[in-house]
Every structure is written in structure tokens, then in C-alpha cells.
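Enquirer: What follows is a single structure, and I will ask about it in a moment.
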Amino acid sequence: MRRGVLTIVAMVAALGVKAESSDSTAMRMYTAREQRHYTSNLYYRNPSSRPSLYKWNYMELSGGYGAQGGTVPMWSGSMVYSPERVNAVTLEMEEGDEMQAAGFDAIMSTRIGSDMTVWGDASYSKGGRNGAKWCETSDYRVVSPYYAADTIGGNFDREAYGFNAGMAYEWNKVDLGISIKYNSAVEYRTRDPRPLNSSLTAEVTAGGNVKTGMGKVGCYIALGKYSQEQRIKFFSALGTAATIYQMEGKIGTYRRFSQAYGSAAYKGHRLSAGMQMRLSTGVPIGMTVEYGRRTMEKILPETRNIVCNKTEAHQIGVEVLTERAMIGSVGWEVLLQTKIGSMKGFQVIYDDGSRGYSQIAEQPNYKQTLANSRGEIHLSLRDEHRADLRLGLWHDYDDSKNMSIGSREQKALLLRTIDLSCSRVARSGMSMMTGHVGLRGRGKDKGAKIEIPKSQPIPSMVGDVKADFERMTSRMTGFGVGGRIDIFVTKRIGSAFIEVDYGYDKYKITKGDGGEHCWSAKVGVTL
């Protein structure tokens, strides 16, 4: 807890404690709410492009609590406007039956003079996930398909810290920017054998833009590192410990971890680079092309740091984004984004130890092809009571094959998701209300197919994987609703607020309908 408080204090002290502006506080607060949505776009991966996003000085300090019965992220801004929130609803067994977290965060952006823009956020949360199965690893989506698991399952407690900051400088015809990202977490299970996991993600991004007669041309590069250390702890006698497995693709097992060799580590690296062009003629349009490469190794530290698995992933993303254009009092924006990628996995083969565990070969045993398309249109009515309407459509494709004995093959998992959301700002005297409501839907995918060999040695896991796969490909409908009320200290600067969100998703599966709830509430102040 103390580390989280110090992180928040350090960020506030470094980036300023007061933001003054002659602009409407209501508009500044509403724009800040939208920023968390826009930062998922490729265009704003370049820190030198951020000044166009942070148009006003703004600071917000808040704390709250959230919970849900599935995989819906609840501590990452508005659940209605997040595309990740729509696509993450899979109820996978590794995530557990229920998640909850309490925490606080601080966000801010400010302009220093007419040339420099500074922004940042810091967060701390403490919570856990209950009813997790077949997973002892934190961030299993990051290290997939190779991670540690066992037949115990149970509840996990988690404590996480995050810090992001950046700055951009506009100098004559050149814009320069740099940003840093740091996240760490500690997670442990509350029953034997108790995996204690500590993870760290760090990334630095630098970029620039050059002004031309047509607009801007720019590029950026991002370097990142990931690490996770896992130690198995026992509170009771070692003889009561269950078997611990190293997993492949969630359904294969090929190595037993003994009680003497229970630890594991994950080391990953990431490189991303992109090129951009912003056309300023007519409606401003931003175009971005990005290439990314990510590697991950699974290591057994207690056996001379042997690398037992490797993965290598590549991705190319293309995005077209129009900046807000006005037709009378109506503003509109369009976003088109496509990402395609592939990943290969390798099992590393060593000798029997007679020659110091030297590597003999790398055997390919996993491959995956991924594709994602995303389209959005955003309409807004600018008057004293601003109203917004957002329509989003996502199309996901996943074709995975594990070539090991006792594994699963997943063919043509196609998911189509639609999201319709709207919001409204109402201002009256010394208070402002922001409301939003959203509808989500996903069509049943009849073309998806899963193959599990009869040689699979763990029948209970086969049933769990089949149930997960059915939920992931079934018809889903859902909604989200929320609101926020601000009471201003003055007419222009400062307010206290309370914000509440609620969502529900319903699934049509073979054994009957299933569903999950998600809710969050937080209070805070703006400066």
C-alpha cells in the first residue's frame, strides 16, 4: 500500500499540482474522459502526436472499487467505450469465476508555455481472482501458450502498481516526444502449493514529426521488456503438494515439476516501430503503419537456467483516423484499424546433463495466426448539453495449432462484435452530470472448430477447455450503463465527483443461458 501512495505522490510532485485554464471546466473534464479511449489508437503511440489530444490542463485524483464474475476489466476507464472490454469477455478458466479490486489513481496533462506538453498517470490496486483453474502464472495471456499449472486451482490475491509519463516539444517544424511505461504486480495463491509471482513490464517510446505543406510526417520506435519470477511456497508438509505441470496451449502437459524444482521465470522483449502521416487538407486524417516483434522465453532457474520454451510473434497494424470535423453543430470522426499477426512456439531440447545440459535443437510445436479488424464512427452534438453517439464493429480471427502430443487444435475461431454507446453532458449551476449507456452483441460462430486428441491424459481439463471454447464462440448480448456527477468548487476550476458503472452480458450455451455482471464505483476530485 505504501508503495502505491508514494507512486501517486511522486507523479503529482513531478508533473505539477494545479492546472489552470480559462476554458470551460466541463469541456476539459469531458475531453479527459475521452482520452483513455483514444490512447488505444495506433496514431497516439507516437508521443510527439499527443499534444493534439491533450488540449487543456487537467488533473484528476480518484479511488474506488470494482468487481465482476468473469474476465471484464473494471479498472481501466469507461467500460462502455473500451474495445478491449468488448473482446475480453470469454470467461476463461484461467481467469477464474470472480474478480475484484480496490485502488486509486491519478491522471494529469498540462501545457508548459506554448511549446511543451506533459502528461502522466499513476495507479495502485489490490484485489484478486477467485475460482481460477489450470493456471499458476500471472499474466497468462502475455506468456501463453507456455505456463505453469496444476489441478489445485483456487483463489489468488494481487497487488499492482502502474506509472506512465511522457512529454512532447514543438520546435519550429519539428515535434519531438518521449514516453515511459512501468507496471509491476505481485500475485499469490491462498492455498498450497502457493505460487508467488512477481511481474514487471517496462517500455520506452520515442518519436518525432516533421511539418510539411500537406501536414505532418513522423515515425516512432518502442522498446519494451517483460519479466516474471515464480516461486512455489508451502505452508504445510511438502508431501501434500499436488503435481505441477508446464502447460502447452492450455491442454497439453509434458513435464512434471518436482517439489525440489518448483520455480519458473519468463523473460520477454518487444520492439515496435511505426510511420505516420497526417494530412491537414480538408478533414484532417491520420494514417499509421506499425510493425511489432515480441519474444518470450520460459526458464527453469533451478536447473541451470535452462530455457524450456520459446515464442516469437510478429504483427503488422494499419490505421486510418479522421480528426473531429464539424458540420454545423455536429462533429464526426471515423476510425478504421486492421492488425494481422502470427506466433510460433518452440520446445528447446537439451542433452541428459552429461555435457552440461547443452542445447541440441529447437522443435517447433505451436503456431497461431491472428487477425483483427476494428471500425468506429463517433458523432457528437456540441451545445450547452453535449451529446455523443459511438458505433463500433470488431471482427476477430484466431487459427491456432499445437503440434505436441496431447494438445488441442483450434481452427477458424471467428468472432464478430458490435458495440453501440451514447453519452450526454448536462450542466446546471455548480454541478455537471455525465451519463452513458452502451449495447454490445456477438453472433454465434458456426464455423469454429476444436480438436482434442483422445490421448489427452487429463479428462477434467478436456471438459473445461470445451466449455471455455463454447462460451467464446456462442451468441452474446449485453449492455453497460453508468453516470458521473461533479460538484464544482468554483465555476471554472475544481470539482468533487462520484462515478458508477454497471454491465451485464448474457451467453447462449448448450447447458442453458449463462451471464456475468460487472460493476465499479469511484470517487475523486479534479483540479
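In the C-alpha cells, chains take letters A, B, ... by order of appearance, with residues numbered from 1 within each chain and ligands from 1 in the order shown.
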Which neighbours of Ser198 (chain A) fall inside 6 Å, counting only C-alpha atoms, when residues of the same chain fewer than 2 positions from it are skipped, and could you give them as a list in words?

Expert: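 Residues meeting the cut-off are Ala185, Val186, Gln228 and Glu229 of chain A.
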
Enquirer: For the selection just defined, write its residues with C-alpha atoms to a file, as an mmCIF file, in the first residue's frame.

Expert:
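And here is the file that came out, result_5.cif:
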data_model
loop_
_atom_site.group_PDB
_atom_site.id
_atom_site.type_symbol
_atom_site.label_atom_id
_atom_site.label_comp_id
_atom_site.auth_asym_id
_atom_site.auth_seq_id
_atom_site.Cartn_x
_atom_site.Cartn_y
_atom_site.Cartn_z
ATOM 1 C CA ALA A 185 2.471 -6.744 -9.784
ATOM 2 C CA VAL A 186 2.711 -9.370 -7.067
ATOM 3 C CA GLN A 228 8.063 -12.718 -14.253
ATOM 4 C CA GLU A 229 9.524 -14.754 -11.415
#

Enquirer: If you count only C-alpha atoms, which residues fall within 10 Å of Arg442 (chain A), apart from same-chain ones fewer than 5 positions away, as a list of chain:residue names?

Expert: A:Val86, A:Asn87, A:Leu393, A:Trp394, A:His395, A:Leu415, A:Arg416, A:Thr417, A:Ile418, A:Asp419, A:Met472, A:Thr473, A:Ser474, A:Arg475, A:Met476, A:Thr477, A:Gly478, A:Tyr507

Enquirer: Print the selection's residues with N, CA, C and O atoms to a file, as an mmCIF file, in the first residue's frame.

Expert:
data_model
loop_
_atom_site.group_PDB
_atom_site.id
_atom_site.type_symbol
_atom_site.label_atom_id
_atom_site.label_comp_id
_atom_site.auth_asym_id
_atom_site.auth_seq_id
_atom_site.Cartn_x
_atom_site.Cartn_y
_atom_site.Cartn_z
ATOM 1 N N VAL A 86 -15.010 -5.160 -24.750
ATOM 2 C CA VAL A 86 -15.942 -5.947 -25.554
ATOM 3 C C VAL A 86 -15.342 -7.296 -25.928
ATOM 4 O O VAL A 86 -15.987 -8.336 -25.856
ATOM 5 N N ASN A 87 -14.077 -7.319 -26.316
ATOM 6 C CA ASN A 87 -13.468 -8.524 -26.832
ATOM 7 C C ASN A 87 -12.914 -9.447 -25.744
ATOM 8 O O ASN A 87 -12.518 -10.565 -26.031
ATOM 9 N N LEU A 393 -17.585 -1.683 -34.510
ATOM 10 C CA LEU A 393 -17.711 -3.044 -35.026
ATOM 11 C C LEU A 393 -16.325 -3.682 -35.015
ATOM 12 O O LEU A 393 -15.363 -3.100 -35.526
ATOM 13 N N TRP A 394 -16.198 -4.874 -34.424
ATOM 14 C CA TRP A 394 -14.938 -5.589 -34.358
ATOM 15 C C TRP A 394 -15.092 -6.970 -34.983
ATOM 16 O O TRP A 394 -16.122 -7.627 -34.860
ATOM 17 N N HIS A 395 -14.048 -7.410 -35.659
ATOM 18 C CA HIS A 395 -14.040 -8.727 -36.297
ATOM 19 C C HIS A 395 -12.705 -9.394 -35.954
ATOM 20 O O HIS A 395 -11.643 -8.879 -36.312
ATOM 21 N N LEU A 415 -14.880 -14.228 -34.441
ATOM 22 C CA LEU A 415 -15.779 -13.529 -33.533
ATOM 23 C C LEU A 415 -16.124 -12.162 -34.112
ATOM 24 O O LEU A 415 -15.234 -11.403 -34.483
ATOM 25 N N ARG A 416 -17.381 -11.861 -34.189
ATOM 26 C CA ARG A 416 -17.840 -10.567 -34.677
ATOM 27 C C ARG A 416 -18.597 -9.877 -33.551
ATOM 28 O O ARG A 416 -19.531 -10.434 -32.991
ATOM 29 N N THR A 417 -18.195 -8.676 -33.234
ATOM 30 C CA THR A 417 -18.752 -7.958 -32.096
ATOM 31 C C THR A 417 -19.181 -6.571 -32.533
ATOM 32 O O THR A 417 -18.484 -5.908 -33.306
ATOM 33 N N ILE A 418 -20.308 -6.128 -32.040
ATOM 34 C CA ILE A 418 -20.805 -4.788 -32.324
ATOM 35 C C ILE A 418 -21.062 -4.081 -31.001
ATOM 36 O O ILE A 418 -21.483 -4.706 -30.022
ATOM 37 N N ASP A 419 -20.777 -2.790 -30.961
ATOM 38 C CA ASP A 419 -20.942 -2.012 -29.736
ATOM 39 C C ASP A 419 -21.565 -0.668 -30.090
ATOM 40 O O ASP A 419 -21.054 0.051 -30.952
ATOM 41 N N MET A 472 -16.780 -18.912 -25.706
ATOM 42 C CA MET A 472 -16.068 -17.960 -26.551
ATOM 43 C C MET A 472 -16.692 -17.836 -27.937
ATOM 44 O O MET A 472 -16.536 -16.814 -28.602
ATOM 45 N N THR A 473 -17.381 -18.873 -28.384
ATOM 46 C CA THR A 473 -17.948 -18.855 -29.738
ATOM 47 C C THR A 473 -19.467 -18.770 -29.746
ATOM 48 O O THR A 473 -20.084 -18.881 -30.797
ATOM 49 N N SER A 474 -20.093 -18.588 -28.583
ATOM 50 C CA SER A 474 -21.548 -18.565 -28.517
ATOM 51 C C SER A 474 -22.085 -17.164 -28.762
ATOM 52 O O SER A 474 -21.346 -16.184 -28.794
ATOM 53 N N ARG A 475 -23.375 -17.089 -28.924
ATOM 54 C CA ARG A 475 -24.033 -15.801 -29.084
ATOM 55 C C ARG A 475 -24.027 -15.053 -27.755
ATOM 56 O O ARG A 475 -24.293 -15.613 -26.705
ATOM 57 N N MET A 476 -23.704 -13.759 -27.827
ATOM 58 C CA MET A 476 -23.625 -12.949 -26.611
ATOM 59 C C MET A 476 -24.337 -11.620 -26.835
ATOM 60 O O MET A 476 -24.204 -11.017 -27.889
ATOM 61 N N THR A 477 -25.085 -11.193 -25.850
ATOM 62 C CA THR A 477 -25.686 -9.861 -25.847
ATOM 63 C C THR A 477 -25.427 -9.237 -24.483
ATOM 64 O O THR A 477 -25.355 -9.938 -23.469
ATOM 65 N N GLY A 478 -25.286 -7.939 -24.457
ATOM 66 C CA GLY A 478 -25.010 -7.292 -23.186
ATOM 67 C C GLY A 478 -25.233 -5.797 -23.249
ATOM 68 O O GLY A 478 -25.506 -5.231 -24.314
ATOM 69 N N TYR A 507 -24.987 -15.161 -22.285
ATOM 70 C CA TYR A 507 -24.486 -16.103 -23.271
ATOM 71 C C TYR A 507 -25.516 -17.204 -23.511
ATOM 72 O O TYR A 507 -26.173 -17.667 -22.579
#

Enquirer: So the first atom is CA of Asp501 (chain A) and the second is CA of Ser62 (chain A); what is the distance between them in Å, to one decimal place?

Expert: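 A separation of 14.6 Å between them.
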
Enquirer: Could you check the closest approach to Arg324 (chain A) for each of A:Ser280, A:Gln347, A:Ser520, A:Thr338 and tell me which residue wins, using only C-alpha atoms?

Expert: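 Closest candidate: A:Ser280.
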
Enquirer: Write out as a PyMOL selection string the residues lying within 6 Å of Glu60 (chain A), counting only C-alpha atoms and excluding same-chain residues fewer than 6 positions away.

Expert: chain A and resi 106-107+525-526

Enquirer: One number please: CA of Glu470 (chain A) to CA of Leu391 (chain A), in Å, one decimal.

Expert: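 Atom-to-atom, CA of Glu470 (chain A) to CA of Leu391 (chain A), that is 26.8 Å.
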
Enquirer: Taking only C-alpha atoms into account, name the residue in A:Lys401, A:Arg374, A:Arg471, A:Lys522 that is nearest to Asn41 (chain A).

Expert: A:Arg374

Enquirer: Any idea what's packed within 7 Å of Gly268 (chain A), counting only C-alpha atoms, ignoring anything in its chain fewer than 5 positions away? Could you give it as number ranges by chain?

Expert: A: 225-227, 295-297

Enquirer: Deliver the residues from the most recent selection as a file, using N, CA, C and O atoms, as a PDB file, in the first residue's frame.

Expert:
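Below is the file out-v2.pdb, written as the result:
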ATOM      1  N   LYS A 225      10.361  -4.485 -22.199  1.00  0.00           N
ATOM      2  CA  LYS A 225      10.880  -5.677 -21.541  1.00  0.00           C
ATOM      3  C   LYS A 225       9.850  -6.198 -20.549  1.00  0.00           C
ATOM      4  O   LYS A 225       9.173  -5.413 -19.874  1.00  0.00           O
ATOM      5  N   TYR A 226       9.731  -7.525 -20.481  1.00  0.00           N
ATOM      6  CA  TYR A 226       8.810  -8.166 -19.540  1.00  0.00           C
ATOM      7  C   TYR A 226       9.559  -9.250 -18.778  1.00  0.00           C
ATOM      8  O   TYR A 226      10.381  -9.976 -19.351  1.00  0.00           O
ATOM      9  N   SER A 227       9.275  -9.371 -17.497  1.00  0.00           N
ATOM     10  CA  SER A 227       9.855 -10.450 -16.702  1.00  0.00           C
ATOM     11  C   SER A 227       8.856 -10.888 -15.645  1.00  0.00           C
ATOM     12  O   SER A 227       8.062 -10.087 -15.144  1.00  0.00           O
ATOM     13  N   THR A 295       9.203 -11.470 -28.315  1.00  0.00           N
ATOM     14  CA  THR A 295       9.760 -12.778 -27.984  1.00  0.00           C
ATOM     15  C   THR A 295       9.528 -13.063 -26.507  1.00  0.00           C
ATOM     16  O   THR A 295       9.440 -12.154 -25.687  1.00  0.00           O
ATOM     17  N   MET A 296       9.434 -14.341 -26.174  1.00  0.00           N
ATOM     18  CA  MET A 296       9.228 -14.755 -24.789  1.00  0.00           C
ATOM     19  C   MET A 296       9.945 -16.084 -24.568  1.00  0.00           C
ATOM     20  O   MET A 296       9.904 -16.975 -25.422  1.00  0.00           O
ATOM     21  N   GLU A 297      10.607 -16.211 -23.423  1.00  0.00           N
ATOM     22  CA  GLU A 297      11.269 -17.451 -23.047  1.00  0.00           C
ATOM     23  C   GLU A 297      10.771 -17.904 -21.683  1.00  0.00           C
ATOM     24  O   GLU A 297      10.583 -17.084 -20.784  1.00  0.00           O
TER      25      GLU A 297
END

Enquirer: Of the candidates A:Leu42, A:Ala264, A:Ile360, A:Ala206, which shows the shortest atom-to-atom distance to Leu336 (chain A), using only C-alpha atoms?

Expert: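 Closest candidate: A:Leu42.
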
Enquirer: Show which residues sit within 7 Å of region 128-143 of chain A, as a PyMOL selection string. Count only C-alpha atoms, and ignore same-chain residues fewer than 3 positions away.

Expert: chain A and resi 93-101+146-151+153-158+187+195+197+296

Enquirer: Could you please write out, as a ChimeraX atom specification, every residue of region 314-365 of chain A that DSSP assigns to strand (DSSP E or B)?

Expert: /A:314-322,325-327,330-350,359-365

Enquirer: Can you work out the spacing between CA of Thr434 (chain A) and CA of Ile485 (chain A) in Å, to one decimal?

Expert: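 We find that CA of Thr434 (chain A) and CA of Ile485 (chain A) lie 6.4 Å from each other.
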
Enquirer: I'd like to know which residues of region 344-486 of chain A are alpha helix (DSSP H) (by DSSP, run on the backbone); could you write them as a ChimeraX atom specification?

Expert: /A:459-473

Enquirer: Just the residues within 6 Å of Arg270 (chain A), please, counting only C-alpha atoms, with nothing from its chain fewer than 2 positions along; format it as a ChimeraX atom specification.

Expert: /A:223-224,293-294

Enquirer: Please produce an output containing all heavy atoms for each residue in the selection, written as a compact mmCIF listing (two decimals), in the first residue's frame.

Expert:
# COMPACT_ATOMS: atom_id res chain seq x y z
N LEU A 223 10.64 0.27 -27.29
CA LEU A 223 11.38 -0.88 -26.78
C LEU A 223 10.81 -1.27 -25.43
O LEU A 223 10.65 -0.41 -24.55
CB LEU A 223 12.87 -0.55 -26.65
CG LEU A 223 13.60 -0.15 -27.93
CD1 LEU A 223 15.03 0.27 -27.62
CD2 LEU A 223 13.59 -1.29 -28.95
N GLY A 224 10.51 -2.55 -25.26
CA GLY A 224 9.90 -2.99 -24.02
C GLY A 224 10.51 -4.28 -23.50
O GLY A 224 11.10 -5.07 -24.25
N ARG A 293 7.42 -6.84 -33.02
CA ARG A 293 8.00 -8.18 -32.82
C ARG A 293 8.13 -8.41 -31.31
O ARG A 293 8.61 -7.54 -30.59
CB ARG A 293 9.37 -8.30 -33.48
CG ARG A 293 10.05 -9.66 -33.29
CD ARG A 293 11.40 -9.68 -33.98
NE ARG A 293 12.05 -10.98 -33.85
CZ ARG A 293 12.89 -11.32 -32.88
NH1 ARG A 293 13.18 -10.41 -31.93
NH2 ARG A 293 13.43 -12.52 -32.83
N ARG A 294 7.70 -9.58 -30.86
CA ARG A 294 7.74 -9.90 -29.44
C ARG A 294 8.30 -11.30 -29.25
O ARG A 294 7.91 -12.23 -29.97
CB ARG A 294 6.35 -9.81 -28.83
CG ARG A 294 6.29 -10.13 -27.34
CD ARG A 294 4.90 -9.87 -26.78
NE ARG A 294 3.88 -10.68 -27.43
CZ ARG A 294 3.54 -11.91 -27.03
NH1 ARG A 294 4.15 -12.46 -26.00
NH2 ARG A 294 2.59 -12.56 -27.66

Enquirer: When you count only C-alpha atoms, which of these residues is closest to Gly441 (chain A): A:Ala202, A:Val425, A:Val217, A:Leu420?

Expert: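 Nearest to Gly441 (chain A): A:Leu420.
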
Enquirer: Find the residues around Val500 (chain A) up to 9 Å (only C-alpha atoms counted), leave out those fewer than 6 positions away in its own chain, and share them as a PyMOL selection string.

Expert: chain A and resi 481-484+519-523

Enquirer: Write to file, as a PDB file, in the first residue's frame, the residues of the selection just made, with N, CA and C atoms.

Expert:
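After the write, part-v2.pdb holds the following:
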ATOM      1  N   VAL A 481     -24.168   0.591 -18.485  1.00  0.00           N
ATOM      2  CA  VAL A 481     -24.782   1.872 -18.159  1.00  0.00           C
ATOM      3  C   VAL A 481     -23.994   2.494 -17.008  1.00  0.00           C
ATOM      4  N   GLY A 482     -23.894   3.795 -17.022  1.00  0.00           N
ATOM      5  CA  GLY A 482     -23.150   4.450 -15.954  1.00  0.00           C
ATOM      6  C   GLY A 482     -23.388   5.944 -15.937  1.00  0.00           C
ATOM      7  N   GLY A 483     -22.874   6.579 -14.921  1.00  0.00           N
ATOM      8  CA  GLY A 483     -23.042   8.018 -14.802  1.00  0.00           C
ATOM      9  C   GLY A 483     -22.040   8.615 -13.849  1.00  0.00           C
ATOM     10  N   ARG A 484     -21.907   9.921 -13.944  1.00  0.00           N
ATOM     11  CA  ARG A 484     -20.979  10.652 -13.087  1.00  0.00           C
ATOM     12  C   ARG A 484     -21.583  12.015 -12.799  1.00  0.00           C
ATOM     13  N   TRP A 519     -19.402  -4.346 -12.205  1.00  0.00           N
ATOM     14  CA  TRP A 519     -19.757  -3.030 -11.678  1.00  0.00           C
ATOM     15  C   TRP A 519     -18.524  -2.388 -11.056  1.00  0.00           C
ATOM     16  N   SER A 520     -18.531  -1.072 -11.018  1.00  0.00           N
ATOM     17  CA  SER A 520     -17.452  -0.332 -10.380  1.00  0.00           C
ATOM     18  C   SER A 520     -17.990   0.997  -9.896  1.00  0.00           C
ATOM     19  N   ALA A 521     -17.354   1.527  -8.862  1.00  0.00           N
ATOM     20  CA  ALA A 521     -17.727   2.829  -8.313  1.00  0.00           C
ATOM     21  C   ALA A 521     -16.460   3.518  -7.827  1.00  0.00           C
ATOM     22  N   LYS A 522     -16.372   4.807  -8.054  1.00  0.00           N
ATOM     23  CA  LYS A 522     -15.221   5.549  -7.559  1.00  0.00           C
ATOM     24  C   LYS A 522     -15.602   6.987  -7.258  1.00  0.00           C
ATOM     25  N   VAL A 523     -14.819   7.584  -6.383  1.00  0.00           N
ATOM     26  CA  VAL A 523     -14.993   8.984  -6.021  1.00  0.00           C
ATOM     27  C   VAL A 523     -13.652   9.672  -6.207  1.00  0.00           C
TER      28      VAL A 523
END

Enquirer: In terms of the shortest atom-to-atom distance over only C-alpha atoms, which of A:Val210, A:Val437, A:Cys308, A:Ala496 is closest to Lys173 (chain A)?

Expert: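 Of the candidates, the smallest distance to Lys173 (chain A) is held by A:Val210.
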
Enquirer: Select, from A:Ala160, A:Ala325, A:Ala102, A:Leu53, the residue with the minimum atom-to-atom distance to Pro284 (chain A), counting only C-alpha atoms.

Expert: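 Closest candidate: A:Ala325.
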